[in-house]
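For reference, the structure is listed below as structure tokens.
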Amino acid sequence: MTKRVVLIGHPVAHSLSGAMQQAAFDSLGIDARYETWDRTPPELADAVAELRGDEFLGANVTIPHKERVVPMVDRLTEEAHATGAVNTITREGKRLIGHNTDVAGFRVALDRLVGKQKMPRQAVILGAGGGARAVVYALITEGFLRVVVFNRHLHRAEGLVRHFSRSAAHMELRAMPWHESIIESELAKTKLVVNATSIGLTSDETPVAADALGSDLLVLDLIYARTRLLRDATAAGCVTADGEIMLLHQGAAAFTLWTGQPAPLQLMQERLAAARAGGLRSAEGEPAGGAGEADDPPASPAEATAEPAATGAAEATAEPAATGAAD
Ligand code: NDP
């Protein structure tokens, strides 16, 4: 029987994961098909329930469902539990396990960005969605001492900070309101800035004014494209990276979870590059709400049982997500 792996998001039509995962299955002779399922939030629970069928190896979960799917699985790995976000699901019999491979993907991206420099201890994070949760958790466990999270809707950043209050007890993790002057002032004090918003995904906007970027900043944009933020940062003399490495490595980790085999990294990277050359700029899905077309062409487990919650999932379930992930 041909096995199935699905990407659940809304919308998902232009996701890059399909190209790299299908090529990986085919190259290792694994009889599996990677499909995309466009499911709205009200349709999510039924889609997840369907994954319990024998033909499924598992799934990827993307915008806007990463937080919402948490109480719908039966068990969470340590990283999914710690972040409160799931981007990969595997199946054990009829039970579904929620993983977060964005954390591992971000760790690789951060290491590459920092290179031979000393790992910074301070960071500014723009955004407070599912992607930002993986970033913040990775920074906490990396030993960062001060992390400031800016979000358009401040309450979501405050929810994120509350979520990590225990794991970040030894450090300063703060939510701040999205005001240009406050962002500028924090950027002047930090070494690393990560764009975990979808600003720049479907338009040529930037979350940060170009003159706020000092030349010694490390700038990582989770979006898989040469965004305006990255172009401005390069012009300012910053070291920059886009979301490619994170996307590749979260996908490779998911592949291994579904198949038990090492991922063919080079092939997957080639497929991503080909999809990018074809004009796709999305990392993992587009922002919900159907923003306009891009106007700028792209250039360039250890497992733990989750806390029980009052849901109908089979066994232990996760704590409910603080907010929905949709814009
Ligand atoms: P979510 O939908 O969970 O979060 C979206 C974030 O973007 C929120 O913080 C939201 O703010 C913010 N945002 C959206 N539009 C605006 C705007 N106009 N002005 C200010 N803030 C805005 O998405 P994810 O966290 O899953 O993904 C966020 C980005 O990260 C996407 O571009 C995604 O492609 C990328 N990503 C890349 C990965 C990779 O592997 N390279 C992995 C994961 C994510 P608010 O809460 O106020 O609405």
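Ligands are numbered from 1 in the order shown, residues from 1 within each chain, and chains are lettered A, B, ... in the order they appear in the structure tokens.
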Discussion item. Around ligand 1, out to 8 Å and counting only C-alpha atoms and all ligand atoms, which residues are there? I want them as a ChimeraX atom specification.
Written reply: /A:62-67,102,105-106,126-134,151-154,156-157,195-201,207,221-224,242-251,282-288,324-327
Worksheet item: Leaving out A:Gly143 and any residue of its chain fewer than 5 positions from it, which residues lie within 12 Å of it when counting only C-alpha atoms, given as an MDAnalysis selection string?
Response: chainID A and resid 119:123 136:138 167:172
Item to complete: Quick one: everything within 12 Å of A:Thr36, counting only C-alpha atoms, minus sequence neighbours fewer than 2 positions away in the same chain. Send it as a list in words.
Response: Arg4, Val5, Val6, Leu7, Ile8, Gly9, His10, Pro11, Val12, Ala13, His14, Ser15, Leu16, Ser17, Gly18, Ala19, Gln21, Gln22, Arg33, Tyr34, Asp38, Arg39, Ala47, Ala59, Asn60, Val61, Thr62, Glu284 and Gly285 of chain A
Worksheet entry | In stretch 36-279 of chain A, DSSP helix (DSSP H, G or I) residues written as a ChimeraX atom specification | /A:41-50,70-72,78-83,102-114,130-142,154-163,180-187,210-212,228-236,244-259,265-277
Worksheet entry | Shell of 12 Å around A:Ser185, only C-alpha atoms, local chain residues under 5 positions omitted, as a ChimeraX atom specification | /A:124,148,176,178-180,190,208-209,211-214
Worksheet item: Interatomic distance between atom CA of A:Thr90 and atom CA of A:Gly58?
Response: 4.4 Å
Discussion item. For A:Glu270, find every residue with an atom within 10 Å (counting only C-alpha atoms), except residues of its own chain fewer than 6 positions away, and show them as a PyMOL selection string.
Written reply: chain A and resi 19-20+23+276
Let's have the selection written as a compact mmCIF listing (two decimals), in the first residue's frame, with all heavy atoms.
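Done, and the output landed in out_38.txt:
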# COMPACT_ATOMS: atom_id res chain seq x y z
N ALA A 19 7.87 19.39 -2.75
CA ALA A 19 8.93 19.09 -3.72
C ALA A 19 10.09 18.36 -3.04
O ALA A 19 10.59 17.35 -3.54
CB ALA A 19 9.42 20.39 -4.35
N MET A 20 10.49 18.85 -1.87
CA MET A 20 11.68 18.23 -1.25
C MET A 20 11.35 16.88 -0.61
O MET A 20 12.15 15.95 -0.68
CB MET A 20 12.36 19.18 -0.27
CG MET A 20 11.77 19.34 1.07
SD MET A 20 12.83 20.35 2.13
CE MET A 20 11.67 20.70 3.45
N ALA A 23 10.75 14.09 -3.40
CA ALA A 23 12.03 13.69 -3.99
C ALA A 23 12.79 12.77 -3.02
O ALA A 23 13.44 11.79 -3.44
CB ALA A 23 12.87 14.93 -4.30
N ARG A 276 12.56 27.40 -5.59
CA ARG A 276 12.79 28.83 -5.41
C ARG A 276 13.04 29.50 -6.77
O ARG A 276 12.51 30.57 -7.05
CB ARG A 276 14.00 29.02 -4.51
CG ARG A 276 14.33 30.45 -4.22
CD ARG A 276 15.52 30.46 -3.26
NE ARG A 276 15.72 31.76 -2.71
CZ ARG A 276 16.32 31.98 -1.55
NH1 ARG A 276 16.75 30.96 -0.82
NH2 ARG A 276 16.49 33.19 -1.11
Worksheet item: Of the candidates A:Leu113, A:Leu265, A:Asn100, A:Arg166, which one gets nearest to A:Val219 if we count only C-alpha atoms?
Response: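 Once distances to A:Val219 are computed over only C-alpha atoms, the minimum belongs to A:Leu113.
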Discussion item. Residues of stretch 15-238 of chain A classed as strand (DSSP E or B) by DSSP on the backbone are to be reported as number ranges by chain.
Written reply: A: 32-38, 56-61, 75-77, 88-92, 95-99, 122-126, 146-151, 172-177, 192-195, 218-221
Item to complete: Go ahead and compute the interatomic distance for atom CA of A:Gly29 and atom CA of A:Thr77, in Å to one decimal.
Response: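 These atoms are spaced 28.1 Å apart.
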